[in-house]
$ cat input.pdb   # PDB, C-alpha atoms
ATOM      1  CA  MET A  26       0.000   0.000   0.000
ATOM      2  CA  SER A  27       1.307   3.437  -0.904
ATOM      3  CA  GLU A  28       0.049   6.674   0.528
ATOM      4  CA  THR A  29       0.342  10.319  -0.385
ATOM      5  CA  PRO A  30      -0.525  12.570   2.544
ATOM      6  CA  LYS A  31      -2.244  15.748   1.491
ATOM      7  CA  PRO A  32      -1.102  18.694   3.610
ATOM      8  CA  ALA A  33      -3.781  19.874   5.989
ATOM      9  CA  PRO A  34      -5.052  23.423   5.511
ATOM     10  CA  ALA A  35      -3.600  26.101   7.726
ATOM     11  CA  SER A  36      -6.759  26.123   9.819
ATOM     12  CA  SER A  37      -6.472  22.460  10.841
ATOM     13  CA  THR A  38      -4.003  20.611  13.030
ATOM     14  CA  PRO A  39      -0.845  19.372  11.192
ATOM     15  CA  ILE A  40      -1.165  15.747  10.122
ATOM     16  CA  PRO A  41       1.088  13.268  11.999
ATOM     17  CA  ALA A  42       3.513  11.037  10.086
ATOM     18  CA  LEU A  43       1.711   7.920   8.852
ATOM     19  CA  THR A  44       3.042   4.925   6.915
ATOM     20  CA  SER A  45       1.474   1.736   5.601
ATOM     21  CA  LEU A  46       3.133  -0.174   8.445
ATOM     22  CA  ASN A  47       1.308   1.635  11.230
ATOM     23  CA  LEU A  48      -2.265   1.525   9.948
ATOM     24  CA  LYS A  49      -4.658  -1.133  11.207
ATOM     25  CA  SER A  50      -8.357  -1.919  11.321
ATOM     26  CA  PHE A  51     -10.458   0.210  13.646
ATOM     27  CA  ASN A  52     -12.919  -1.919  15.612
ATOM     28  CA  LEU A  53     -14.733   0.651  17.745
ATOM     29  CA  ALA A  54     -17.004   2.173  15.111
ATOM     30  CA  ALA A  55     -20.365   1.896  16.861
ATOM     31  CA  ALA A  56     -22.372   2.165  13.641
ATOM     32  CA  GLY A  57     -20.197  -0.352  11.789
ATOM     33  CA  HIS A  58     -18.732   1.790   8.999
ATOM     34  CA  ASP A  59     -16.584  -0.031   6.407
ATOM     35  CA  GLY A  60     -12.964   0.793   5.614
ATOM     36  CA  VAL A  61     -12.126   2.612   8.871
ATOM     37  CA  LEU A  62      -8.463   2.472   9.956
ATOM     38  CA  SER A  63      -6.433   3.609  12.940
ATOM     39  CA  ASP A  64      -2.768   4.299  13.610
ATOM     40  CA  GLU A  65      -0.669   2.161  15.966
ATOM     41  CA  SER A  66      -1.238   4.401  18.976
ATOM     42  CA  GLY A  67      -4.996   4.346  18.481
ATOM     43  CA  SER A  68      -5.152   8.128  18.771
ATOM     44  CA  LEU A  69      -6.178   8.650  15.123
ATOM     45  CA  VAL A  70      -9.044   7.465  12.951
ATOM     46  CA  ILE A  71      -8.532   7.297   9.179
ATOM     47  CA  LYS A  72     -11.857   6.877   7.396
ATOM     48  CA  PRO A  73     -13.402   7.171   3.934
ATOM     49  CA  CYS A  74     -14.763  10.605   3.156
ATOM     50  CA  THR A  75     -16.321  12.794   0.506
ATOM     51  CA  ALA A  76     -15.053  16.141  -0.745
ATOM     52  CA  ALA A  77     -18.045  17.743   0.984
ATOM     53  CA  GLU A  78     -17.013  16.329   4.363
ATOM     54  CA  VAL A  79     -13.432  17.561   3.974
ATOM     55  CA  SER A  80     -14.725  20.989   2.974
ATOM     56  CA  PHE A  81     -17.040  21.124   5.992
ATOM     57  CA  TYR A  82     -14.134  20.358   8.342
ATOM     58  CA  GLU A  83     -11.912  22.943   6.651
ATOM     59  CA  VAL A  84     -14.514  25.707   6.798
ATOM     60  CA  SER A  85     -15.439  24.807  10.366
ATOM     61  CA  CYS A  86     -11.824  25.020  11.499
ATOM     62  CA  SER A  87     -11.158  28.321   9.760
ATOM     63  CA  GLU A  88     -14.451  30.172  10.175
ATOM     64  CA  HIS A  89     -16.372  28.454  12.994
ATOM     65  CA  PRO A  90     -13.863  27.558  15.731
ATOM     66  CA  GLU A  91     -16.583  27.328  18.377
ATOM     67  CA  PHE A  92     -18.261  24.606  16.268
ATOM     68  CA  ALA A  93     -14.947  22.878  15.511
ATOM     69  CA  ALA A  94     -14.404  22.492  19.270
ATOM     70  CA  HIS A  95     -17.285  19.981  19.261
ATOM     71  CA  MET A  96     -15.845  17.979  16.326
ATOM     72  CA  PRO A  97     -12.977  15.474  16.356
ATOM     73  CA  THR A  98      -9.660  17.229  15.671
ATOM     74  CA  PHE A  99      -9.133  17.455  11.907
ATOM     75  CA  PHE A 100      -5.624  16.613  10.632
ATOM     76  CA  GLY A 101      -6.258  16.657   6.880
ATOM     77  CA  THR A 102      -6.555  13.884   4.309
ATOM     78  CA  LEU A 103      -4.583  10.815   3.246
ATOM     79  CA  GLN A 104      -4.587   9.141  -0.163
ATOM     80  CA  LEU A 105      -4.397   5.328  -0.019
ATOM     81  CA  SER A 106      -3.987   3.222  -3.140
ATOM     82  CA  GLU A 107      -5.230  -0.017  -1.584
ATOM     83  CA  PRO A 108      -6.560  -1.255   1.763
ATOM     84  CA  SER A 109      -4.256  -2.681   4.431
ATOM     85  CA  SER A 110      -3.984  -6.464   4.596
ATOM     86  CA  ASP A 111      -6.111  -6.842   7.744
ATOM     87  CA  THR A 112      -8.920  -4.557   6.602
ATOM     88  CA  PRO A 113     -12.048  -5.786   4.748
ATOM     89  CA  VAL A 114     -12.334  -4.279   1.288
ATOM     90  CA  PRO A 115     -14.746  -1.326   1.618
ATOM     91  CA  THR A 116     -17.987  -1.314  -0.344
ATOM     92  CA  HIS A 117     -17.204   2.034  -1.972
ATOM     93  CA  ASN A 118     -14.589   3.286  -4.434
ATOM     94  CA  ARG A 119     -13.303   6.220  -2.443
ATOM     95  CA  ASN A 120      -9.545   6.102  -1.763
ATOM     96  CA  THR A 121      -9.315   9.465  -0.040
ATOM     97  CA  LYS A 122      -9.341   9.196   3.743
ATOM     98  CA  ILE A 123      -9.929  11.893   6.299
ATOM     99  CA  VAL A 124      -7.654  11.832   9.357
ATOM    100  CA  LEU A 125      -9.311  12.668  12.667
ATOM    101  CA  SER A 126      -8.653  12.311  16.368
ATOM    102  CA  ASN A 127     -10.145   9.143  17.851
ATOM    103  CA  VAL A 128     -12.871  10.035  20.360
ATOM    104  CA  ALA A 129     -12.385   6.629  22.022
ATOM    105  CA  TYR A 130      -8.678   7.264  22.680
ATOM    106  CA  GLY A 131      -7.789   7.703  26.350
ATOM    107  CA  PHE A 132     -10.138   4.991  27.596
ATOM    108  CA  THR A 133      -9.252   1.501  28.849
ATOM    109  CA  ARG A 134     -12.653   0.011  27.997
ATOM    110  CA  PRO A 135     -14.458   2.613  25.874
ATOM    111  CA  CYS A 136     -18.230   2.294  25.634
ATOM    112  CA  VAL A 137     -19.436   3.898  22.410
ATOM    113  CA  LEU A 138     -22.878   5.100  21.309
ATOM    114  CA  ASP A 139     -23.711   6.577  17.898
ATOM    115  CA  VAL A 140     -26.920   8.646  17.852
ATOM    116  CA  LYS A 141     -28.087   9.599  14.352
ATOM    117  CA  LEU A 142     -29.618  13.074  14.167
ATOM    118  CA  GLY A 143     -32.558  14.348  12.153
ATOM    119  CA  ALA A 144     -35.994  13.239  10.976
ATOM    120  CA  GLN A 145     -34.871  13.953   7.408
ATOM    121  CA  LEU A 146     -31.777  11.875   6.710
ATOM    122  CA  TRP A 147     -31.091  12.872   3.094
ATOM    123  CA  ASP A 148     -29.780  16.036   1.475
ATOM    124  CA  GLU A 149     -30.972  17.731  -1.718
ATOM    125  CA  ASN A 150     -28.527  15.729  -3.855
ATOM    126  CA  ALA A 151     -30.024  12.361  -2.858
ATOM    127  CA  SER A 152     -31.751  10.285  -5.515
ATOM    128  CA  ALA A 153     -35.462   9.525  -5.304
ATOM    129  CA  GLU A 154     -34.614   5.924  -4.390
ATOM    130  CA  LYS A 155     -32.337   6.990  -1.550
ATOM    131  CA  ARG A 156     -34.875   9.497  -0.250
ATOM    132  CA  ALA A 157     -37.569   6.837  -0.173
ATOM    133  CA  ARG A 158     -35.280   4.327   1.565
ATOM    134  CA  LEU A 159     -34.151   6.774   4.241
ATOM    135  CA  ASP A 160     -37.673   8.103   4.754
ATOM    136  CA  LYS A 161     -38.775   4.519   5.420
ATOM    137  CA  VAL A 162     -36.043   4.144   8.068
ATOM    138  CA  SER A 163     -37.082   7.447   9.629
ATOM    139  CA  ASN A 164     -40.809   6.646   9.585
ATOM    140  CA  GLU A 165     -40.280   3.222  11.146
ATOM    141  CA  SER A 166     -37.981   4.397  13.939
ATOM    142  CA  THR A 167     -37.600   7.181  16.487
ATOM    143  CA  SER A 168     -35.979   9.386  13.831
ATOM    144  CA  ARG A 169     -39.333  10.726  12.645
ATOM    145  CA  ASN A 170     -40.872  11.611  16.005
ATOM    146  CA  LEU A 171     -37.759  12.460  18.016
ATOM    147  CA  GLY A 172     -35.241  13.447  15.343
ATOM    148  CA  MET A 173     -32.766  10.895  16.749
ATOM    149  CA  ARG A 174     -32.090   7.175  16.539
ATOM    150  CA  ILE A 175     -29.653   4.797  18.201
ATOM    151  CA  ALA A 176     -27.461   3.872  15.213
ATOM    152  CA  GLY A 177     -25.163   1.470  17.057
ATOM    153  CA  MET A 178     -23.478   0.770  20.387
ATOM    154  CA  LYS A 179     -20.473  -1.100  21.704
ATOM    155  CA  VAL A 180     -20.585  -1.567  25.474
ATOM    156  CA  TYR A 181     -18.139  -3.193  27.876
ATOM    157  CA  LYS A 182     -20.104  -5.606  30.053
ATOM    158  CA  GLY A 183     -17.079  -7.187  31.740
ATOM    159  CA  SER A 184     -15.143 -10.384  31.082
ATOM    160  CA  ALA A 185     -17.180 -12.185  33.763
ATOM    161  CA  SER A 186     -20.511 -11.463  32.032
ATOM    162  CA  LYS A 187     -22.679 -14.529  31.420
ATOM    163  CA  ASP A 188     -24.515 -12.871  28.546
ATOM    164  CA  PRO A 189     -23.940 -15.125  25.483
ATOM    165  CA  ALA A 190     -23.938 -11.993  23.295
ATOM    166  CA  VAL A 191     -20.804 -10.703  25.054
ATOM    167  CA  ASP A 192     -17.567 -11.431  23.175
ATOM    168  CA  GLU A 193     -14.240 -12.696  24.537
ATOM    169  CA  MET A 194     -13.122  -9.128  25.232
ATOM    170  CA  GLY A 195     -16.154  -8.472  27.423
ATOM    171  CA  TYR A 196     -18.002  -6.344  24.867
ATOM    172  CA  ARG A 197     -21.523  -6.524  23.556
ATOM    173  CA  VAL A 198     -22.167  -5.000  20.138
ATOM    174  CA  TYR A 199     -25.576  -3.558  19.244
ATOM    175  CA  ASP A 200     -25.881  -3.144  15.482
ATOM    176  CA  LYS A 201     -27.870  -0.581  13.507
ATOM    177  CA  TYR A 202     -31.049  -2.659  13.731
ATOM    178  CA  TYR A 203     -31.059  -2.574  17.536
ATOM    179  CA  GLY A 204     -32.089   1.073  17.662
ATOM    180  CA  ARG A 205     -34.838   0.675  15.075
ATOM    181  CA  VAL A 206     -37.113  -1.348  17.362
ATOM    182  CA  PHE A 207     -37.614   1.476  19.863
ATOM    183  CA  THR A 208     -40.460   3.957  19.966
ATOM    184  CA  ALA A 209     -40.523   7.509  21.288
ATOM    185  CA  GLU A 210     -41.989   6.117  24.505
ATOM    186  CA  ASN A 211     -39.343   3.472  25.261
ATOM    187  CA  VAL A 212     -36.126   4.632  23.558
ATOM    188  CA  ILE A 213     -34.829   5.734  26.951
ATOM    189  CA  GLU A 214     -34.406   2.020  27.736
ATOM    190  CA  GLY A 215     -31.885   1.803  24.908
ATOM    191  CA  ILE A 216     -29.914   4.728  26.338
ATOM    192  CA  LYS A 217     -30.013   3.110  29.779
ATOM    193  CA  GLU A 218     -28.714  -0.149  28.279
ATOM    194  CA  TYR A 219     -25.768   1.782  26.864
ATOM    195  CA  LEU A 220     -24.919   2.973  30.371
ATOM    196  CA  ILE A 221     -24.897  -0.534  31.889
ATOM    197  CA  SER A 222     -21.259  -1.596  32.188
ATOM    198  CA  GLU A 223     -19.054  -2.180  35.242
ATOM    199  CA  LEU A 224     -19.955   1.198  36.708
ATOM    200  CA  THR A 225     -22.008   1.699  39.851
ATOM    201  CA  GLU A 226     -25.397   3.433  39.740
ATOM    202  CA  GLU A 227     -23.823   6.560  41.207
ATOM    203  CA  GLN A 228     -21.126   6.561  38.525
ATOM    204  CA  VAL A 229     -23.750   6.085  35.796
ATOM    205  CA  VAL A 230     -25.614   9.158  37.021
ATOM    206  CA  LEU A 231     -22.341  11.124  36.940
ATOM    207  CA  VAL A 232     -21.712  10.062  33.328
ATOM    208  CA  ALA A 233     -25.291  10.960  32.374
ATOM    209  CA  LYS A 234     -24.901  14.410  33.957
ATOM    210  CA  ARG A 235     -21.677  15.047  32.074
ATOM    211  CA  PHE A 236     -23.211  13.900  28.789
ATOM    212  CA  LEU A 237     -26.171  16.163  29.501
ATOM    213  CA  GLU A 238     -23.837  19.142  29.908
ATOM    214  CA  ARG A 239     -22.141  18.328  26.593
ATOM    215  CA  VAL A 240     -25.429  17.863  24.709
ATOM    216  CA  ARG A 241     -26.795  21.069  26.194
ATOM    217  CA  ALA A 242     -23.697  22.919  24.967
ATOM    218  CA  VAL A 243     -24.148  21.494  21.453
ATOM    219  CA  ARG A 244     -27.816  22.484  21.464
ATOM    220  CA  LYS A 245     -26.993  26.071  22.413
ATOM    221  CA  LEU A 246     -24.276  26.150  19.755
ATOM    222  CA  LEU A 247     -26.520  24.848  16.963
ATOM    223  CA  GLU A 248     -29.203  27.353  17.900
ATOM    224  CA  SER A 249     -26.672  30.099  17.130
ATOM    225  CA  GLN A 250     -25.288  28.595  13.901
ATOM    226  CA  GLU A 251     -26.564  28.427  10.321
ATOM    227  CA  SER A 252     -25.762  25.026   8.889
ATOM    228  CA  ARG A 253     -27.464  21.900   7.581
ATOM    229  CA  MET A 254     -26.272  18.443   8.661
ATOM    230  CA  TYR A 255     -28.092  15.423   7.275
ATOM    231  CA  SER A 256     -27.308  12.052   8.897
ATOM    232  CA  ALA A 257     -24.740  13.583  11.246
ATOM    233  CA  SER A 258     -24.331  11.925  14.645
ATOM    234  CA  LEU A 259     -23.591  12.556  18.272
ATOM    235  CA  LEU A 260     -20.834  10.119  19.260
ATOM    236  CA  PHE A 261     -20.751   9.357  22.990
ATOM    237  CA  CYS A 262     -17.936   7.546  24.775
ATOM    238  CA  TYR A 263     -17.320   6.756  28.450
ATOM    239  CA  GLU A 264     -15.019   4.544  30.490
ATOM    240  CA  GLY A 265     -16.700   1.186  31.157
ATOM    241  CA  ASP A 266     -13.976  -0.298  33.359
ATOM    242  CA  ARG A 267     -14.712   0.667  36.970
ATOM    243  CA  ALA A 268     -11.090   0.765  38.131
ATOM    244  CA  ALA A 269     -10.037   2.827  35.115
ATOM    245  CA  PHE A 270     -13.059   5.105  35.605
ATOM    246  CA  GLU A 271     -12.074   5.796  39.208
ATOM    247  CA  GLU A 272      -8.456   6.396  38.205
ATOM    248  CA  ALA A 273      -9.570   8.849  35.520
ATOM    249  CA  LEU A 274     -11.573  10.777  38.122
ATOM    250  CA  LYS A 275      -8.521  10.884  40.396
ATOM    251  CA  GLN A 276      -6.397  12.152  37.510
ATOM    252  CA  GLU A 277      -8.922  14.935  36.935
ATOM    253  CA  GLU A 278      -8.740  15.885  40.617
ATOM    254  CA  ARG A 279      -4.931  15.913  40.576
ATOM    255  CA  LYS A 280      -4.903  18.072  37.454
ATOM    256  CA  ALA A 281      -7.397  20.517  38.982
ATOM    257  CA  ALA A 282      -5.297  20.769  42.138
ATOM    258  CA  GLU A 283      -2.094  21.337  40.153
ATOM    259  CA  ASP A 284      -3.725  24.048  38.029
ATOM    260  CA  LYS A 285      -4.956  25.778  41.160
ATOM    261  CA  GLU A 286      -1.521  25.774  42.792
ATOM    262  CA  ASN A 287       0.431  26.946  39.767
ATOM    263  CA  ASP A 288       0.092  30.103  37.757
ATOM    264  CA  LYS A 289      -0.598  29.829  34.029
ATOM    265  CA  GLU A 290       3.045  29.816  32.922
ATOM    266  CA  GLU A 291       4.058  27.094  35.369
ATOM    267  CA  ALA A 292       1.029  25.013  34.393
ATOM    268  CA  GLU A 293       1.995  25.206  30.717
ATOM    269  CA  GLU A 294       5.554  24.122  31.501
ATOM    270  CA  GLU A 295       4.239  21.201  33.512
ATOM    271  CA  GLU A 296       1.974  20.139  30.660
ATOM    272  CA  GLU A 297       4.972  20.075  28.330
ATOM    273  CA  GLU A 298       6.903  17.901  30.780
ATOM    274  CA  ASP A 299       4.006  15.439  31.077
ATOM    275  CA  GLU A 300       2.970  15.351  27.416
ATOM    276  CA  ASP A 301       4.082  11.709  27.078
ATOM    277  CA  ASP A 302       1.764  10.631  29.914
ATOM    278  CA  LYS A 303      -1.452   9.180  28.533
ATOM    279  CA  ILE A 304      -4.471  11.145  29.665
ATOM    280  CA  LYS A 305      -7.255   8.978  31.070
ATOM    281  CA  LYS A 306     -10.736  10.114  30.137
ATOM    282  CA  VAL A 307     -13.995   9.730  32.047
ATOM    283  CA  GLU A 308     -16.289  10.605  29.144
ATOM    284  CA  ASP A 309     -16.326  12.434  25.832
ATOM    285  CA  MET A 310     -18.800  13.378  23.121
ATOM    286  CA  LYS A 311     -18.383  14.839  19.641
ATOM    287  CA  LEU A 312     -20.441  15.670  16.574
ATOM    288  CA  ILE A 313     -19.391  13.380  13.684
ATOM    289  CA  ASP A 314     -20.301  12.304  10.140
ATOM    290  CA  PHE A 315     -20.445  15.379   7.917
ATOM    291  CA  ALA A 316     -20.645  13.797   4.462
ATOM    292  CA  HIS A 317     -23.918  15.688   3.921
ATOM    293  CA  ALA A 318     -23.210  18.877   5.858
ATOM    294  CA  THR A 319     -22.854  22.455   4.638
ATOM    295  CA  TRP A 320     -22.733  25.937   6.081
ATOM    296  CA  THR A 321     -25.848  27.866   5.044
ATOM    297  CA  PRO A 322     -25.561  31.599   5.866
ATOM    298  CA  GLY A 323     -28.905  33.347   6.060
ATOM    299  CA  LYS A 324     -30.996  30.190   6.432
ATOM    300  CA  GLY A 325     -31.190  30.054  10.211
ATOM    301  CA  PRO A 326     -30.444  27.187  12.638
ATOM    302  CA  ASP A 327     -30.598  23.526  11.639
ATOM    303  CA  GLU A 328     -33.940  22.587  13.205
ATOM    304  CA  ASN A 329     -33.741  19.094  11.713
ATOM    305  CA  ALA A 330     -30.601  18.228  13.701
ATOM    306  CA  LEU A 331     -31.712  20.299  16.677
ATOM    307  CA  GLN A 332     -34.826  18.171  17.107
ATOM    308  CA  GLY A 333     -32.621  15.154  17.818
ATOM    309  CA  VAL A 334     -30.242  17.059  20.065
ATOM    310  CA  ARG A 335     -33.157  18.365  22.144
ATOM    311  CA  SER A 336     -34.587  14.847  22.405
ATOM    312  CA  MET A 337     -31.252  13.508  23.688
ATOM    313  CA  GLU A 338     -31.103  16.381  26.153
ATOM    314  CA  LYS A 339     -34.496  15.385  27.581
ATOM    315  CA  LEU A 340     -33.604  11.682  27.741
ATOM    316  CA  LEU A 341     -30.307  12.304  29.509
ATOM    317  CA  ALA A 342     -31.981  14.715  31.931
ATOM    318  CA  GLN A 343     -34.300  11.881  32.979
ATOM    319  CA  ILE A 344     -31.407   9.488  33.536
ATOM    320  CA  ALA A 345     -29.363  12.156  35.307
ATOM    321  CA  LYS A 346     -32.425  12.791  37.485
ATOM    322  CA  GLU A 347     -32.534  16.498  36.680
TER     323      GLU A 347
END

$ encode --input "input.pdb" --output "structure tokens"
Amino acid sequence: MSETPKPAPASSTPIPALTSLNLKSFNLAAAGHDGVLSDESGSLVIKPCTAAEVSFYEVSCSEHPEFAAHMPTFFGTLQLSEPSSDTPVPTHNRNTKIVLSNVAYGFTRPCVLDVKLGAQLWDENASAEKRARLDKVSNESTSRNLGMRIAGMKVYKGSASKDPAVDEMGYRVYDKYYGRVFTAENVIEGIKEYLISELTEEQVVLVAKRFLERVRAVRKLLESQESRMYSASLLFCYEGDRAAFEEALKQEERKAAEDKENDKEEAEEEEEEDEDDKIKKVEDMKLIDFAHATWTPGKGPDENALQGVRSMEKLLAQIAKE
């Protein structure tokens, strides 16, 4: 496999050095996308993309930094001539890959949830056949009434789980059909299932509260922006290993204490000294999947996506007991 990295635009983060020897299959894509790769460290995701998605990232980085803060870090694009030996051949003909930060990096046992946004899942360029197919999915799921749908989950249930659906690594995978059986009245049970891992009930409530804060921030942001995102997603991730979860909380406390004791300059120097230490994360959430996204000045907020974001906000508020 040969690759020709395309320099990232000035508005994005410089692309790290990548070679054919340090790319491998990525197995944490909750919605099961084909052709997704990762680097050896696991900190990057290299996935198929369209020119529209690259453009949306570039414009977001350069002109909408407050929006870009809620996206995975954009490093640019990579041109691959053929798939790596351990990767299934993708079902598309696109060789251009977009290089992004991996939202699941920094977790020991990441639990991932992909929530598809919008009642309308197609853009104006979609064929009549595609519109009809996606409308059927929307009409027969929570997408139509709530503007959101569980598109896939991968949850760590623990190596001691007796659930026959749990794999040898302790994970249970919920494919795209799992979320289609729910109604507006019971979809909260699917969200609750996502939050069942090795964590205690108290820890689950903490995760739900933090996710609620993140979703609320995205909702306020989208209400102030003028864009259209069809079939974009909210990607949630939290630490499913209890010991790692507790250690991540302790790391947060230590960092907060250090920042309080040091002035800004000393804190920056300390960060440089510790940059090789792997940061442990409690939870994270990003907006992803912008193959059908554009900035639309003068057209007002994206009410299609906002419907789903508001629905997730209400669901998480119930779980967080707010």

$ closest_residue --input "input.pdb" --among "A:Ser249, A:Asn287, A:Gln104, A:Asn164" --to "Ile71 in chain A" --atoms "only C-alpha atoms"
A:Gln104

$ residues_around --input "input.pdb" --residues "Ala129 in chain A" --least-positions-apart "3" --cutoff "12 Å" --atoms "all atoms listed in the file" --output "ChimeraX atom specification"
/A:51-55,63,66-70,97,125-126,132-138,179,260-265,304-311

$ resolve_selection --input "input.pdb" --expression "the PyMOL selection byres ((chain A and resi 329-336) around 6)" --output "compact mmCIF listing (two decimals) with C-alpha atoms, in the coordinates of the input"
# COMPACT_ATOMS: atom_id res chain seq x y z
CA LEU A 142 -29.62 13.07 14.17
CA GLY A 143 -32.56 14.35 12.15
CA LEU A 171 -37.76 12.46 18.02
CA GLY A 172 -35.24 13.45 15.34
CA MET A 173 -32.77 10.90 16.75
CA ASP A 327 -30.60 23.53 11.64
CA GLU A 328 -33.94 22.59 13.20
CA MET A 337 -31.25 13.51 23.69
CA GLU A 338 -31.10 16.38 26.15
CA LYS A 339 -34.50 15.38 27.58

$ closest_residue --input "input.pdb" --among "A:Ile213, A:Glu91, A:Glu83, A:Ala345" --to "Phe236 in chain A" --atoms "all atoms listed in the file"
A:Ala345

$ residues_around --input "input.pdb" --residues "Arg253 in chain A" --least-positions-apart "6" --cutoff "7 Å" --atoms "all atoms listed in the file" --output "ChimeraX atom specification"
/A:318-321,327

$ write_last_selection --input "input.pdb" --atoms "C-alpha atoms" --output "compact mmCIF listing (two decimals), keeping the file's coordinate frame"
# COMPACT_ATOMS: atom_id res chain seq x y z
CA ALA A 318 -23.21 18.88 5.86
CA THR A 319 -22.85 22.46 4.64
CA TRP A 320 -22.73 25.94 6.08
CA THR A 321 -25.85 27.87 5.04
CA ASP A 327 -30.60 23.53 11.64

$ resolve_selection --input "input.pdb" --expression "the PyMOL selection byres ((chain A and resi 246) around 12)" --output "CSV table (one decimal) with C-alpha atoms, in the frame of the given file"
chain,number,residue,atom,x,y,z
A,89,HIS,CA,-16.4,28.5,13.0
A,90,PRO,CA,-13.9,27.6,15.7
A,91,GLU,CA,-16.6,27.3,18.4
A,92,PHE,CA,-18.3,24.6,16.3
A,93,ALA,CA,-14.9,22.9,15.5
A,94,ALA,CA,-14.4,22.5,19.3
A,95,HIS,CA,-17.3,20.0,19.3
A,239,ARG,CA,-22.1,18.3,26.6
A,240,VAL,CA,-25.4,17.9,24.7
A,241,ARG,CA,-26.8,21.1,26.2
A,242,ALA,CA,-23.7,22.9,25.0
A,243,VAL,CA,-24.1,21.5,21.5
A,244,ARG,CA,-27.8,22.5,21.5
A,245,LYS,CA,-27.0,26.1,22.4
A,247,LEU,CA,-26.5,24.8,17.0
A,248,GLU,CA,-29.2,27.4,17.9
A,249,SER,CA,-26.7,30.1,17.1
A,250,GLN,CA,-25.3,28.6,13.9
A,251,GLU,CA,-26.6,28.4,10.3
A,252,SER,CA,-25.8,25.0,8.9
A,312,LEU,CA,-20.4,15.7,16.6
A,326,PRO,CA,-30.4,27.2,12.6
A,327,ASP,CA,-30.6,23.5,11.6
A,330,ALA,CA,-30.6,18.2,13.7
A,331,LEU,CA,-31.7,20.3,16.7
A,334,VAL,CA,-30.2,17.1,20.1

$ atom_distance --input "input.pdb" --atom1 "CA of Thr102 in chain A" --atom2 "CA of Gln145 in chain A"
28.5 Å

$ atom_distance --input "input.pdb" --atom1 "CA of Lys72 in chain A" --atom2 "CA of Gly177 in chain A"
17.3 Å

$ residues_near_point --input "input.pdb" --point "(-18.0, 12.3, 2.2)" --cutoff "9 Å" --atoms "all atoms listed in the file" --output "ChimeraX atom specification"
/A:73-79,119,314-317

$ decode --input "input.pdb" --residues "range 265-279 of chain A" --atoms "N, CA and C atoms" --output "mmCIF file, in the first residue's frame"
data_model
loop_
_atom_site.group_PDB
_atom_site.id
_atom_site.type_symbol
_atom_site.label_atom_id
_atom_site.label_comp_id
_atom_site.auth_asym_id
_atom_site.auth_seq_id
_atom_site.Cartn_x
_atom_site.Cartn_y
_atom_site.Cartn_z
ATOM 1 N N GLY A 265 -15.866 2.259 30.629
ATOM 2 C CA GLY A 265 -16.700 1.186 31.157
ATOM 3 C C GLY A 265 -16.033 0.312 32.189
ATOM 4 N N ASP A 266 -14.718 0.450 32.347
ATOM 5 C CA ASP A 266 -13.976 -0.298 33.359
ATOM 6 C C ASP A 266 -13.989 0.501 34.663
ATOM 7 N N ARG A 267 -14.520 -0.090 35.737
ATOM 8 C CA ARG A 267 -14.712 0.667 36.970
ATOM 9 C C ARG A 267 -13.404 1.184 37.544
ATOM 10 N N ALA A 268 -12.377 0.334 37.584
ATOM 11 C CA ALA A 268 -11.090 0.765 38.131
ATOM 12 C C ALA A 268 -10.495 1.901 37.307
ATOM 13 N N ALA A 269 -10.561 1.780 35.995
ATOM 14 C CA ALA A 269 -10.037 2.827 35.115
ATOM 15 C C ALA A 269 -10.862 4.108 35.245
ATOM 16 N N PHE A 270 -12.169 3.955 35.415
ATOM 17 C CA PHE A 270 -13.059 5.105 35.605
ATOM 18 C C PHE A 270 -12.658 5.879 36.858
ATOM 19 N N GLU A 271 -12.446 5.148 37.948
ATOM 20 C CA GLU A 271 -12.074 5.796 39.208
ATOM 21 C C GLU A 271 -10.705 6.444 39.117
ATOM 22 N N GLU A 272 -9.780 5.816 38.388
ATOM 23 C CA GLU A 272 -8.456 6.396 38.205
ATOM 24 C C GLU A 272 -8.530 7.662 37.361
ATOM 25 N N ALA A 273 -9.396 7.655 36.354
ATOM 26 C CA ALA A 273 -9.570 8.849 35.520
ATOM 27 C C ALA A 273 -10.121 10.011 36.339
ATOM 28 N N LEU A 274 -11.050 9.735 37.244
ATOM 29 C CA LEU A 274 -11.573 10.777 38.122
ATOM 30 C C LEU A 274 -10.474 11.333 39.021
ATOM 31 N N LYS A 275 -9.636 10.446 39.548
ATOM 32 C CA LYS A 275 -8.521 10.884 40.396
ATOM 33 C C LYS A 275 -7.541 11.743 39.603
ATOM 34 N N GLN A 276 -7.297 11.359 38.346
ATOM 35 C CA GLN A 276 -6.397 12.152 37.510
ATOM 36 C C GLN A 276 -6.968 13.546 37.287
ATOM 37 N N GLU A 277 -8.273 13.632 37.083
ATOM 38 C CA GLU A 277 -8.922 14.935 36.935
ATOM 39 C C GLU A 277 -8.720 15.788 38.195
ATOM 40 N N GLU A 278 -8.892 15.162 39.349
ATOM 41 C CA GLU A 278 -8.740 15.885 40.617
ATOM 42 C C GLU A 278 -7.315 16.378 40.800
ATOM 43 N N ARG A 279 -6.343 15.514 40.457
ATOM 44 C CA ARG A 279 -4.931 15.913 40.576
ATOM 45 C C ARG A 279 -4.631 17.081 39.648
#
